[in-house]
>>> print(open('model_8.cif').read())   # mmCIF, C-alpha atoms
data_input
loop_
_atom_site.group_PDB
_atom_site.id
_atom_site.type_symbol
_atom_site.label_atom_id
_atom_site.label_comp_id
_atom_site.auth_asym_id
_atom_site.auth_seq_id
_atom_site.Cartn_x
_atom_site.Cartn_y
_atom_site.Cartn_z
ATOM 1 C CA MET O 17 132.733 120.431 125.775
ATOM 2 C CA THR O 18 131.556 118.682 122.625
ATOM 3 C CA CYS O 19 131.914 120.295 119.225
ATOM 4 C CA LEU O 20 128.163 120.846 118.935
ATOM 5 C CA THR O 21 127.938 122.432 122.364
ATOM 6 C CA PHE O 22 130.779 124.793 121.560
ATOM 7 C CA LEU O 23 129.312 125.624 118.133
ATOM 8 C CA GLU O 24 125.948 126.354 119.688
ATOM 9 C CA SER O 25 127.565 128.654 122.235
ATOM 10 C CA LEU O 26 129.521 130.476 119.519
ATOM 11 C CA LEU O 27 126.450 131.010 117.364
ATOM 12 C CA HIS O 28 124.206 132.007 120.266
ATOM 13 C CA ASP O 29 126.607 134.731 121.367
ATOM 14 C CA ALA O 30 127.335 135.903 117.810
ATOM 15 C CA GLY O 31 123.655 135.997 116.933
ATOM 16 C CA LYS O 32 122.825 137.971 120.055
ATOM 17 C CA ARG O 33 125.617 140.441 119.329
ATOM 18 C CA VAL O 34 124.692 140.976 115.679
ATOM 19 C CA MET O 35 121.087 141.768 116.625
ATOM 20 C CA GLU O 36 122.349 144.574 118.872
ATOM 21 C CA PHE O 37 123.529 146.497 115.828
ATOM 22 C CA PRO O 38 120.953 148.957 114.479
ATOM 23 C CA ARG O 39 119.095 148.188 111.274
ATOM 24 C CA GLY O 40 120.432 149.905 108.192
ATOM 25 C CA GLN O 41 124.162 149.457 108.877
ATOM 26 C CA PRO O 42 126.690 151.645 107.054
ATOM 27 C CA PHE O 43 128.761 149.570 104.648
ATOM 28 C CA HIS O 44 131.515 149.770 102.101
ATOM 29 C CA VAL O 45 131.859 147.793 98.889
ATOM 30 C CA LYS O 46 134.839 145.463 98.556
ATOM 31 C CA GLU O 47 137.357 146.556 95.939
ATOM 32 C CA ASP O 48 137.737 143.112 94.388
ATOM 33 C CA ASP O 49 133.996 142.368 94.051
ATOM 34 C CA ALA O 50 131.254 144.974 93.786
ATOM 35 C CA ASN O 51 128.712 142.348 94.888
ATOM 36 C CA GLN O 52 130.310 142.090 98.325
ATOM 37 C CA VAL O 53 129.898 144.621 101.129
ATOM 38 C CA VAL O 54 131.290 144.872 104.659
ATOM 39 C CA THR O 55 129.706 146.475 107.720
ATOM 40 C CA PRO O 56 131.193 147.187 111.163
ATOM 41 C CA ALA O 57 129.163 144.234 112.438
ATOM 42 C CA ASP O 58 131.018 141.818 110.122
ATOM 43 C CA LEU O 59 134.333 142.844 111.657
ATOM 44 C CA VAL O 60 133.104 142.725 115.260
ATOM 45 C CA ILE O 61 131.433 139.319 114.885
ATOM 46 C CA GLY O 62 134.363 137.850 112.958
ATOM 47 C CA ASN O 63 136.862 138.918 115.605
ATOM 48 C CA GLN O 64 134.606 137.627 118.384
ATOM 49 C CA LEU O 65 134.286 134.201 116.760
ATOM 50 C CA LYS O 66 137.937 133.929 115.809
ATOM 51 C CA SER O 67 139.135 134.916 119.282
ATOM 52 C CA ARG O 68 136.916 132.384 121.046
ATOM 53 C CA ILE O 69 137.908 129.567 118.712
ATOM 54 C CA HIS O 70 141.616 130.334 118.990
ATOM 55 C CA GLU O 71 141.364 130.547 122.785
ATOM 56 C CA ARG O 72 139.564 127.193 123.015
ATOM 57 C CA PHE O 73 141.557 125.393 120.277
ATOM 58 C CA PRO O 74 144.932 127.171 119.979
ATOM 59 C CA ASP O 75 146.435 124.513 117.694
ATOM 60 C CA ASP O 76 143.659 124.757 115.080
ATOM 61 C CA SER O 77 143.662 127.024 112.034
ATOM 62 C CA VAL O 78 140.908 129.602 111.604
ATOM 63 C CA ILE O 79 139.752 131.211 108.344
ATOM 64 C CA ASP O 80 137.618 134.338 108.692
ATOM 65 C CA GLU O 81 136.189 135.938 105.543
ATOM 66 C CA GLU O 82 136.878 139.467 106.745
ATOM 67 C CA SER O 83 140.005 139.400 108.902
ATOM 68 C CA GLY O 84 142.037 136.604 107.349
ATOM 69 C CA THR O 85 143.609 133.424 108.682
ATOM 70 C CA ILE O 86 145.226 132.090 111.830
ATOM 71 C CA SER O 87 147.563 129.231 110.923
ATOM 72 C CA GLY O 88 147.650 126.297 113.320
ATOM 73 C CA THR O 89 149.505 123.004 113.563
ATOM 74 C CA SER O 90 146.555 120.593 113.873
ATOM 75 C CA PRO O 91 144.620 119.065 110.926
ATOM 76 C CA VAL O 92 141.511 121.065 111.954
ATOM 77 C CA THR O 93 140.454 124.316 110.283
ATOM 78 C CA TRP O 94 137.525 126.461 111.429
ATOM 79 C CA VAL O 95 135.893 128.431 108.615
ATOM 80 C CA ILE O 96 133.913 131.557 109.567
ATOM 81 C CA ASP O 97 131.499 133.784 107.688
ATOM 82 C CA PRO O 98 130.515 136.397 110.313
ATOM 83 C CA ILE O 99 127.484 137.588 108.350
ATOM 84 C CA ASP O 100 126.416 135.786 105.204
ATOM 85 C CA GLY O 101 123.993 137.950 103.275
ATOM 86 C CA THR O 102 125.628 141.185 104.428
ATOM 87 C CA SER O 103 123.867 143.179 101.706
ATOM 88 C CA ASN O 104 120.562 141.975 103.168
ATOM 89 C CA PHE O 105 121.646 142.728 106.735
ATOM 90 C CA ALA O 106 122.919 146.192 105.819
ATOM 91 C CA VAL O 107 119.524 147.334 104.531
ATOM 92 C CA GLY O 108 117.501 145.751 107.338
ATOM 93 C CA SER O 109 116.426 142.461 105.728
ATOM 94 C CA PRO O 110 116.203 139.515 108.174
ATOM 95 C CA LEU O 111 117.580 137.075 105.558
ATOM 96 C CA PHE O 112 121.164 136.735 106.751
ATOM 97 C CA GLY O 113 123.100 134.257 108.852
ATOM 98 C CA VAL O 114 126.230 133.581 110.872
ATOM 99 C CA MET O 115 128.200 130.525 109.764
ATOM 100 C CA VAL O 116 130.933 128.448 111.392
ATOM 101 C CA GLY O 117 132.186 125.263 109.718
ATOM 102 C CA VAL O 118 134.862 122.781 110.784
ATOM 103 C CA LEU O 119 137.192 120.872 108.457
ATOM 104 C CA GLU O 120 139.452 118.015 109.508
ATOM 105 C CA HIS O 121 141.995 116.869 106.931
ATOM 106 C CA GLY O 122 139.957 118.875 104.421
ATOM 107 C CA LYS O 123 136.651 117.120 105.170
ATOM 108 C CA PRO O 124 133.588 118.857 106.701
ATOM 109 C CA VAL O 125 133.086 117.347 110.148
ATOM 110 C CA ALA O 126 130.809 119.912 111.801
ATOM 111 C CA GLY O 127 128.893 123.051 111.014
ATOM 112 C CA GLY O 128 126.575 125.583 112.516
ATOM 113 C CA VAL O 129 124.384 128.320 111.067
ATOM 114 C CA ALA O 130 122.441 130.912 113.036
ATOM 115 C CA LEU O 131 119.601 132.902 111.483
ATOM 116 C CA PRO O 132 119.425 135.455 114.311
ATOM 117 C CA ALA O 133 116.504 137.508 113.031
ATOM 118 C CA LEU O 134 114.418 134.326 112.774
ATOM 119 C CA SER O 135 115.605 132.767 116.066
ATOM 120 C CA GLU O 136 116.793 129.600 114.308
ATOM 121 C CA THR O 137 120.036 127.685 114.792
ATOM 122 C CA TYR O 138 121.137 124.731 112.676
ATOM 123 C CA LEU O 139 123.862 122.381 113.939
ATOM 124 C CA ALA O 140 125.481 119.217 112.625
ATOM 125 C CA GLU O 141 128.405 116.963 113.452
ATOM 126 C CA ALA O 142 129.653 114.035 111.383
ATOM 127 C CA GLY O 143 127.766 110.892 112.352
ATOM 128 C CA GLN O 144 125.563 112.757 114.849
ATOM 129 C CA GLY O 145 122.828 114.084 112.543
ATOM 130 C CA ALA O 146 121.574 117.612 111.902
ATOM 131 C CA TYR O 147 119.370 119.710 114.176
ATOM 132 C CA ARG O 148 117.278 122.866 114.018
ATOM 133 C CA ASN O 149 116.734 124.453 117.448
ATOM 134 C CA GLY O 150 117.556 121.121 119.022
ATOM 135 C CA GLU O 151 115.178 118.986 116.911
ATOM 136 C CA ARG O 152 116.493 116.421 114.445
ATOM 137 C CA ILE O 153 115.960 117.252 110.756
ATOM 138 C CA GLN O 154 115.980 114.737 107.914
ATOM 139 C CA LEU O 155 115.471 115.372 104.205
ATOM 140 C CA ALA O 156 113.002 113.298 102.224
ATOM 141 C CA HIS O 157 114.218 111.271 99.243
ATOM 142 C CA ASP O 158 112.371 112.744 96.245
ATOM 143 C CA ALA O 159 113.586 112.327 92.663
ATOM 144 C CA ASP O 160 111.095 114.778 91.176
ATOM 145 C CA PRO O 161 111.726 118.511 91.791
ATOM 146 C CA ALA O 162 108.422 119.482 90.121
ATOM 147 C CA GLY O 163 106.571 119.984 93.400
ATOM 148 C CA HIS O 164 109.327 121.933 95.158
ATOM 149 C CA LEU O 165 110.531 125.489 95.498
ATOM 150 C CA ILE O 166 114.121 125.933 94.343
ATOM 151 C CA ALA O 167 116.406 128.729 95.517
ATOM 152 C CA TYR O 168 119.034 130.214 93.232
ATOM 153 C CA GLY O 169 121.643 132.679 94.443
ATOM 154 C CA MET O 170 122.938 135.123 91.862
ATOM 155 C CA ASP O 171 125.536 137.859 92.115
ATOM 156 C CA ILE O 172 125.494 140.539 89.433
ATOM 157 C CA HIS O 173 128.390 139.909 87.073
ATOM 158 C CA PRO O 174 127.406 141.460 83.715
ATOM 159 C CA SER O 175 129.350 138.924 81.650
ATOM 160 C CA GLU O 176 127.540 136.020 83.348
ATOM 161 C CA ILE O 177 123.938 137.221 83.606
ATOM 162 C CA GLU O 178 122.939 135.456 80.402
ATOM 163 C CA LEU O 179 124.231 132.121 81.703
ATOM 164 C CA ASP O 180 122.422 132.509 85.017
ATOM 165 C CA CYS O 181 119.206 133.368 83.175
ATOM 166 C CA ARG O 182 119.493 130.257 80.982
ATOM 167 C CA ILE O 183 119.932 128.044 84.039
ATOM 168 C CA LEU O 184 117.062 129.778 85.828
ATOM 169 C CA ALA O 185 114.767 129.284 82.827
ATOM 170 C CA ARG O 186 115.503 125.554 82.771
ATOM 171 C CA LEU O 187 114.937 125.233 86.516
ATOM 172 C CA ALA O 188 111.743 127.297 86.472
ATOM 173 C CA ALA O 189 110.231 124.951 83.890
ATOM 174 C CA ARG O 190 110.843 121.963 86.183
ATOM 175 C CA CYS O 191 109.870 123.178 89.670
ATOM 176 C CA ARG O 192 107.044 124.933 91.525
ATOM 177 C CA GLY O 193 108.845 128.254 91.823
ATOM 178 C CA ILE O 194 112.173 130.065 92.191
ATOM 179 C CA ARG O 195 113.214 131.848 95.382
ATOM 180 C CA MET O 196 116.242 134.096 95.836
ATOM 181 C CA SER O 197 117.631 135.626 99.048
ATOM 182 C CA ASN O 198 121.242 135.110 97.921
ATOM 183 C CA SER O 199 122.213 134.064 101.435
ATOM 184 C CA VAL O 200 122.568 130.999 103.645
ATOM 185 C CA PHE O 201 118.894 131.428 104.546
ATOM 186 C CA ASP O 202 118.046 129.648 101.280
ATOM 187 C CA CYS O 203 120.331 126.720 102.042
ATOM 188 C CA MET O 204 118.867 126.296 105.517
ATOM 189 C CA MET O 205 115.392 126.220 103.965
ATOM 190 C CA VAL O 206 116.642 123.145 102.091
ATOM 191 C CA ALA O 207 118.019 121.621 105.303
ATOM 192 C CA GLY O 208 114.660 122.144 107.000
ATOM 193 C CA GLY O 209 112.667 120.752 104.065
ATOM 194 C CA ALA O 210 110.900 123.956 102.952
ATOM 195 C CA TYR O 211 112.871 124.181 99.689
ATOM 196 C CA GLY O 212 113.870 121.329 97.423
ATOM 197 C CA ALA O 213 117.253 122.714 96.409
ATOM 198 C CA PHE O 214 119.631 125.646 96.584
ATOM 199 C CA MET O 215 122.359 126.514 94.106
ATOM 200 C CA HIS O 216 124.831 129.287 93.497
ATOM 201 C CA ARG O 217 127.671 129.522 90.979
ATOM 202 C CA ARG O 218 130.032 131.876 92.843
ATOM 203 C CA ASN O 219 130.955 130.991 96.428
ATOM 204 C CA ARG O 220 134.058 131.065 98.580
ATOM 205 C CA ILE O 221 135.081 128.414 101.077
ATOM 206 C CA TRP O 222 133.438 130.270 103.996
ATOM 207 C CA ASP O 223 130.105 130.081 102.139
ATOM 208 C CA CYS O 224 130.366 126.305 101.846
ATOM 209 C CA VAL O 225 131.750 124.415 104.831
ATOM 210 C CA ALA O 226 129.064 124.979 107.497
ATOM 211 C CA PRO O 227 126.027 124.332 105.239
ATOM 212 C CA HIS O 228 127.864 121.387 103.652
ATOM 213 C CA ALA O 229 128.073 119.617 107.015
ATOM 214 C CA ILE O 230 124.435 120.399 107.838
ATOM 215 C CA ILE O 231 122.962 119.302 104.494
ATOM 216 C CA GLU O 232 124.896 116.026 104.468
ATOM 217 C CA GLU O 233 124.024 115.173 108.071
ATOM 218 C CA ALA O 234 120.371 115.894 107.231
ATOM 219 C CA GLY O 235 120.612 113.187 104.558
ATOM 220 C CA GLY O 236 121.065 115.455 101.563
ATOM 221 C CA VAL O 237 123.806 116.090 99.013
ATOM 222 C CA PHE O 238 126.098 119.122 98.897
ATOM 223 C CA SER O 239 128.178 119.200 95.729
ATOM 224 C CA GLY O 240 129.290 121.395 92.887
ATOM 225 C CA MET O 241 126.603 122.318 90.378
ATOM 226 C CA ASP O 242 128.219 119.787 88.033
ATOM 227 C CA GLY O 243 127.499 117.089 90.610
ATOM 228 C CA ARG O 244 131.127 116.559 91.566
ATOM 229 C CA PRO O 245 132.343 116.533 95.182
ATOM 230 C CA LEU O 246 133.807 119.772 96.518
ATOM 231 C CA ASP O 247 137.519 119.721 97.336
ATOM 232 C CA TYR O 248 138.605 121.564 100.485
ATOM 233 C CA THR O 249 142.103 120.069 100.604
ATOM 234 C CA ASP O 250 144.589 122.599 102.036
ATOM 235 C CA PRO O 251 141.790 125.043 102.904
ATOM 236 C CA ARG O 252 144.055 127.974 103.767
ATOM 237 C CA ALA O 253 145.272 127.951 100.160
ATOM 238 C CA ARG O 254 141.702 128.010 98.791
ATOM 239 C CA THR O 255 140.406 131.307 100.154
ATOM 240 C CA SER O 256 140.402 132.916 96.696
ATOM 241 C CA GLU O 257 138.920 129.882 94.918
ATOM 242 C CA VAL O 258 135.379 130.111 93.528
ATOM 243 C CA PHE O 259 133.068 127.153 94.204
ATOM 244 C CA SER O 260 129.695 126.421 92.653
ATOM 245 C CA ILE O 261 127.299 124.646 94.997
ATOM 246 C CA LEU O 262 124.178 122.523 94.780
ATOM 247 C CA ALA O 263 122.362 121.493 97.979
ATOM 248 C CA CYS O 264 119.406 119.136 97.629
ATOM 249 C CA ASP O 265 117.972 115.796 98.697
ATOM 250 C CA SER O 266 119.731 112.721 97.370
ATOM 251 C CA GLY O 267 116.837 111.690 95.165
ATOM 252 C CA SER O 268 116.739 114.835 93.042
ATOM 253 C CA HIS O 269 120.492 115.375 92.751
ATOM 254 C CA GLU O 270 120.953 113.611 89.414
ATOM 255 C CA THR O 271 117.866 115.246 87.884
ATOM 256 C CA LEU O 272 118.984 118.707 88.966
ATOM 257 C CA THR O 273 122.579 118.351 87.755
ATOM 258 C CA HIS O 274 121.249 117.204 84.366
ATOM 259 C CA THR O 275 118.859 120.169 84.235
ATOM 260 C CA ILE O 276 121.584 122.625 85.177
ATOM 261 C CA SER O 277 124.072 121.248 82.667
ATOM 262 C CA GLY O 278 121.730 122.102 79.804
ATOM 263 C CA GLY O 279 121.946 125.782 80.722
ATOM 264 C CA PHE O 280 125.693 125.838 80.057
ATOM 265 C CA HIS O 281 125.198 125.017 76.357
#
>>> encode(input="model_8.cif", output="structure tokens")
Amino acid sequence: MTCLTFLESLLHDAGKRVMEFPRGQPFHVKEDDANQVVTPADLVIGNQLKSRIHERFPDDSVIDEESGTISGTSPVTWVIDPIDGTSNFAVGSPLFGVMVGVLEHGKPVAGGVALPALSETYLAEAGQGAYRNGERIQLAHDADPAGHLIAYGMDIHPSEIELDCRILARLAARCRGIRMSNSVFDCMMVAGGAYGAFMHRRNRIWDCVAPHAIIEEAGGVFSGMDGRPLDYTDPRARTSEVFSILACDSGSHETLTHTISGGFH
């Protein structure tokens, strides 16, 4: 079974299961971050994914946002976000996704994202390209973001709202419009070519690995908002680290990092 075939099977089953949960899920707010919520579906889907991966690849490590880490002996680490956009899912919004990424020696080598409510699945493997529902996707090379929609994810941290608003103002003056689901939906809209870019200043490793593989295999760039490469070395030690991310086509990357940098001053 190839990596893509296994990823597709994982996401198909997880997506089907998550859609069986009723709309308007009960949730509780995480103690360490009031922006993050957990529903029963997160726990069920996370355990389902982690169990299947560990059964199929018992020597690999697995990081699950909700239930923690299985430590393995191989250089491969699977990184799971059972439901990205849980706040959306919990209130009945369709803008959420299931994510599974694969690191080998700290490098993204495969990734899959399911958008179950939209019946879309995105898959990528290093050197094999990126696919949406089985069809190859490829980003255009466009240095000018003026004609594109740009998505910006923003959690509500009172001390940082002013900074986010400065960055948003600079972006809004240089693109066709701002969109904001605050979930992997936005990043997959970049992968599929609907949006020109997606960025978010506060992410964890499970928010990054799967879309990173997909964006890069689609011909785009997935970096920090400062333009620097993301470092996933020793991933099990990075579960509390905060990453900023910028996903876009290769042509607009330099323009966007320059635009963003002005918002920090």
>>> atom_distance(input="model_8.cif", atom1="CA of Glu270 in chain O", atom2="CA of Asp160 in chain O")
10.1 Å
>>> resolve_selection(input="model_8.cif", expression="the PyMOL selection byres ((chain O and resi 65) around 8)", output="number ranges by chain")
O: 26, 30, 61-64, 66-69, 96, 98
>>> write_last_selection(input="model_8.cif", atoms="C-alpha atoms", output="compact mmCIF listing (two decimals), keeping the file's coordinate frame")
# COMPACT_ATOMS: atom_id res chain seq x y z
CA LEU O 26 129.52 130.48 119.52
CA ALA O 30 127.34 135.90 117.81
CA ILE O 61 131.43 139.32 114.88
CA GLY O 62 134.36 137.85 112.96
CA ASN O 63 136.86 138.92 115.60
CA GLN O 64 134.61 137.63 118.38
CA LYS O 66 137.94 133.93 115.81
CA SER O 67 139.14 134.92 119.28
CA ARG O 68 136.92 132.38 121.05
CA ILE O 69 137.91 129.57 118.71
CA ILE O 96 133.91 131.56 109.57
CA PRO O 98 130.51 136.40 110.31
>>> closest_residue(input="model_8.cif", among="O:Ser197, O:Glu233, O:Leu165, O:Met115", to="Tyr211 in chain O", atoms="all atoms listed in the file")
O:Leu165
>>> residues_around(input="model_8.cif", residues="Leu131 in chain O", least_positions_apart="6", cutoff="8 Å", atoms="only C-alpha atoms", output="count of residues only")
7
>>> closest_residue(input="model_8.cif", among="O:Ile166, O:Leu59, O:Leu134, O:Val116", to="Ala210 in chain O", atoms="all atoms listed in the file")
O:Ile166
>>> resolve_selection(input="model_8.cif", expression="the PyMOL selection byres ((chain O and resi 106) around 8)", output="VMD selection string")
chain O and resid 39 to 43 55 102 to 105 107 to 109
>>> closest_residue(input="model_8.cif", among="O:Arg72, O:Arg217, O:Arg192, O:His228", to="Asp247 in chain O", atoms="only C-alpha atoms")
O:His228
>>> closest_residue(input="model_8.cif", among="O:Glu257, O:Asp202, O:Asp265, O:Glu81", to="Phe214 in chain O", atoms="only C-alpha atoms")
O:Asp202
>>> residues_near_point(input="model_8.cif", point="(118.0, 126.6, 93.4)", cutoff="7 Å", atoms="only C-alpha atoms", output="compact mmCIF listing (two decimals) with C-alpha atoms, in the coordinates of the input")
# COMPACT_ATOMS: atom_id res chain seq x y z
CA ILE O 166 114.12 125.93 94.34
CA ALA O 167 116.41 128.73 95.52
CA TYR O 168 119.03 130.21 93.23
CA ILE O 194 112.17 130.06 92.19
CA ALA O 213 117.25 122.71 96.41
CA PHE O 214 119.63 125.65 96.58
CA MET O 215 122.36 126.51 94.11
>>> closest_residue(input="model_8.cif", among="O:Asp100, O:Glu136, O:Glu176, O:Asp158", to="Val54 in chain O", atoms="all atoms listed in the file")
O:Asp100
>>> decode(input="model_8.cif", residues="range 62-72 of chain O", atoms="all heavy atoms", output="PDB file, in the first residue's frame")
ATOM      1  N   GLY O  62      -9.354  11.448  16.392  1.00  0.00           N
ATOM      2  CA  GLY O  62      -7.928  11.349  16.695  1.00  0.00           C
ATOM      3  C   GLY O  62      -7.522   9.938  17.075  1.00  0.00           C
ATOM      4  O   GLY O  62      -6.504   9.415  16.587  1.00  0.00           O
ATOM      5  N   ASN O  63      -8.300   9.301  17.925  1.00  0.00           N
ATOM      6  CA  ASN O  63      -7.986   7.922  18.322  1.00  0.00           C
ATOM      7  C   ASN O  63      -8.100   6.959  17.152  1.00  0.00           C
ATOM      8  O   ASN O  63      -7.309   6.012  17.021  1.00  0.00           O
ATOM      9  CB  ASN O  63      -8.915   7.492  19.459  1.00  0.00           C
ATOM     10  CG  ASN O  63      -8.547   8.137  20.781  1.00  0.00           C
ATOM     11  OD1 ASN O  63      -7.377   8.442  21.025  1.00  0.00           O
ATOM     12  ND2 ASN O  63      -9.532   8.348  21.643  1.00  0.00           N
ATOM     13  N   GLN O  64      -9.082   7.171  16.290  1.00  0.00           N
ATOM     14  CA  GLN O  64      -9.250   6.321  15.110  1.00  0.00           C
ATOM     15  C   GLN O  64      -8.036   6.415  14.192  1.00  0.00           C
ATOM     16  O   GLN O  64      -7.494   5.395  13.747  1.00  0.00           O
ATOM     17  CB  GLN O  64     -10.507   6.744  14.353  1.00  0.00           C
ATOM     18  CG  GLN O  64     -10.742   6.021  13.036  1.00  0.00           C
ATOM     19  CD  GLN O  64     -12.031   6.496  12.351  1.00  0.00           C
ATOM     20  OE1 GLN O  64     -13.083   6.602  12.979  1.00  0.00           O
ATOM     21  NE2 GLN O  64     -11.940   6.777  11.057  1.00  0.00           N
ATOM     22  N   LEU O  65      -7.596   7.646  13.922  1.00  0.00           N
ATOM     23  CA  LEU O  65      -6.442   7.848  13.047  1.00  0.00           C
ATOM     24  C   LEU O  65      -5.169   7.286  13.673  1.00  0.00           C
ATOM     25  O   LEU O  65      -4.389   6.576  13.016  1.00  0.00           O
ATOM     26  CB  LEU O  65      -6.265   9.336  12.763  1.00  0.00           C
ATOM     27  CG  LEU O  65      -7.319   9.993  11.872  1.00  0.00           C
ATOM     28  CD1 LEU O  65      -7.193  11.510  11.927  1.00  0.00           C
ATOM     29  CD2 LEU O  65      -7.175   9.518  10.432  1.00  0.00           C
ATOM     30  N   LYS O  66      -4.961   7.605  14.937  1.00  0.00           N
ATOM     31  CA  LYS O  66      -3.733   7.169  15.598  1.00  0.00           C
ATOM     32  C   LYS O  66      -3.649   5.650  15.673  1.00  0.00           C
ATOM     33  O   LYS O  66      -2.579   5.067  15.437  1.00  0.00           O
ATOM     34  CB  LYS O  66      -3.655   7.788  16.996  1.00  0.00           C
ATOM     35  CG  LYS O  66      -2.303   7.600  17.661  1.00  0.00           C
ATOM     36  CD  LYS O  66      -2.052   8.593  18.788  1.00  0.00           C
ATOM     37  CE  LYS O  66      -2.958   8.361  19.958  1.00  0.00           C
ATOM     38  NZ  LYS O  66      -2.545   9.198  21.129  1.00  0.00           N
ATOM     39  N   SER O  67      -4.765   4.997  15.951  1.00  0.00           N
ATOM     40  CA  SER O  67      -4.774   3.537  16.052  1.00  0.00           C
ATOM     41  C   SER O  67      -4.455   2.886  14.714  1.00  0.00           C
ATOM     42  O   SER O  67      -3.666   1.931  14.642  1.00  0.00           O
ATOM     43  CB  SER O  67      -6.133   3.049  16.559  1.00  0.00           C
ATOM     44  OG  SER O  67      -6.370   3.492  17.868  1.00  0.00           O
ATOM     45  N   ARG O  68      -5.046   3.399  13.637  1.00  0.00           N
ATOM     46  CA  ARG O  68      -4.799   2.811  12.321  1.00  0.00           C
ATOM     47  C   ARG O  68      -3.352   3.009  11.883  1.00  0.00           C
ATOM     48  O   ARG O  68      -2.736   2.099  11.306  1.00  0.00           O
ATOM     49  CB  ARG O  68      -5.750   3.413  11.282  1.00  0.00           C
ATOM     50  CG  ARG O  68      -7.163   2.867  11.373  1.00  0.00           C
ATOM     51  CD  ARG O  68      -7.958   3.211  10.129  1.00  0.00           C
ATOM     52  NE  ARG O  68      -7.358   2.654   8.919  1.00  0.00           N
ATOM     53  CZ  ARG O  68      -7.756   2.963   7.683  1.00  0.00           C
ATOM     54  NH1 ARG O  68      -8.748   3.836   7.515  1.00  0.00           N
ATOM     55  NH2 ARG O  68      -7.184   2.421   6.632  1.00  0.00           N
ATOM     56  N   ILE O  69      -2.821   4.198  12.144  1.00  0.00           N
ATOM     57  CA  ILE O  69      -1.425   4.445  11.762  1.00  0.00           C
ATOM     58  C   ILE O  69      -0.484   3.553  12.557  1.00  0.00           C
ATOM     59  O   ILE O  69       0.440   2.939  11.999  1.00  0.00           O
ATOM     60  CB  ILE O  69      -1.073   5.931  11.969  1.00  0.00           C
ATOM     61  CG1 ILE O  69      -1.863   6.809  10.992  1.00  0.00           C
ATOM     62  CG2 ILE O  69       0.431   6.161  11.795  1.00  0.00           C
ATOM     63  CD1 ILE O  69      -1.826   8.285  11.319  1.00  0.00           C
ATOM     64  N   HIS O  70      -0.700   3.460  13.858  1.00  0.00           N
ATOM     65  CA  HIS O  70       0.187   2.651  14.695  1.00  0.00           C
ATOM     66  C   HIS O  70       0.091   1.170  14.338  1.00  0.00           C
ATOM     67  O   HIS O  70       1.093   0.446  14.364  1.00  0.00           O
ATOM     68  CB  HIS O  70      -0.169   2.861  16.172  1.00  0.00           C
ATOM     69  CG  HIS O  70       0.773   2.184  17.115  1.00  0.00           C
ATOM     70  ND1 HIS O  70       2.146   2.408  17.117  1.00  0.00           N
ATOM     71  CD2 HIS O  70       0.550   1.262  18.101  1.00  0.00           C
ATOM     72  CE1 HIS O  70       2.710   1.676  18.042  1.00  0.00           C
ATOM     73  NE2 HIS O  70       1.774   0.965  18.649  1.00  0.00           N
ATOM     74  N   GLU O  71      -1.099   0.712  13.971  1.00  0.00           N
ATOM     75  CA  GLU O  71      -1.266  -0.679  13.554  1.00  0.00           C
ATOM     76  C   GLU O  71      -0.522  -0.964  12.253  1.00  0.00           C
ATOM     77  O   GLU O  71       0.121  -2.009  12.104  1.00  0.00           O
ATOM     78  CB  GLU O  71      -2.748  -0.985  13.378  1.00  0.00           C
ATOM     79  CG  GLU O  71      -3.043  -2.416  12.950  1.00  0.00           C
ATOM     80  CD  GLU O  71      -4.531  -2.671  12.752  1.00  0.00           C
ATOM     81  OE1 GLU O  71      -5.334  -1.743  12.942  1.00  0.00           O
ATOM     82  OE2 GLU O  71      -4.877  -3.819  12.394  1.00  0.00           O
ATOM     83  N   ARG O  72      -0.592  -0.008  11.305  1.00  0.00           N
ATOM     84  CA  ARG O  72       0.029  -0.210   9.998  1.00  0.00           C
ATOM     85  C   ARG O  72       1.534   0.052  10.040  1.00  0.00           C
ATOM     86  O   ARG O  72       2.304  -0.626   9.365  1.00  0.00           O
ATOM     87  CB  ARG O  72      -0.645   0.742   8.993  1.00  0.00           C
ATOM     88  CG  ARG O  72      -0.052   0.732   7.582  1.00  0.00           C
ATOM     89  CD  ARG O  72      -0.338  -0.580   6.865  1.00  0.00           C
ATOM     90  NE  ARG O  72       0.120  -0.541   5.503  1.00  0.00           N
ATOM     91  CZ  ARG O  72       1.376  -0.758   5.128  1.00  0.00           C
ATOM     92  NH1 ARG O  72       2.296  -1.032   6.031  1.00  0.00           N
ATOM     93  NH2 ARG O  72       1.713  -0.716   3.847  1.00  0.00           N
TER      94      ARG O  72
END
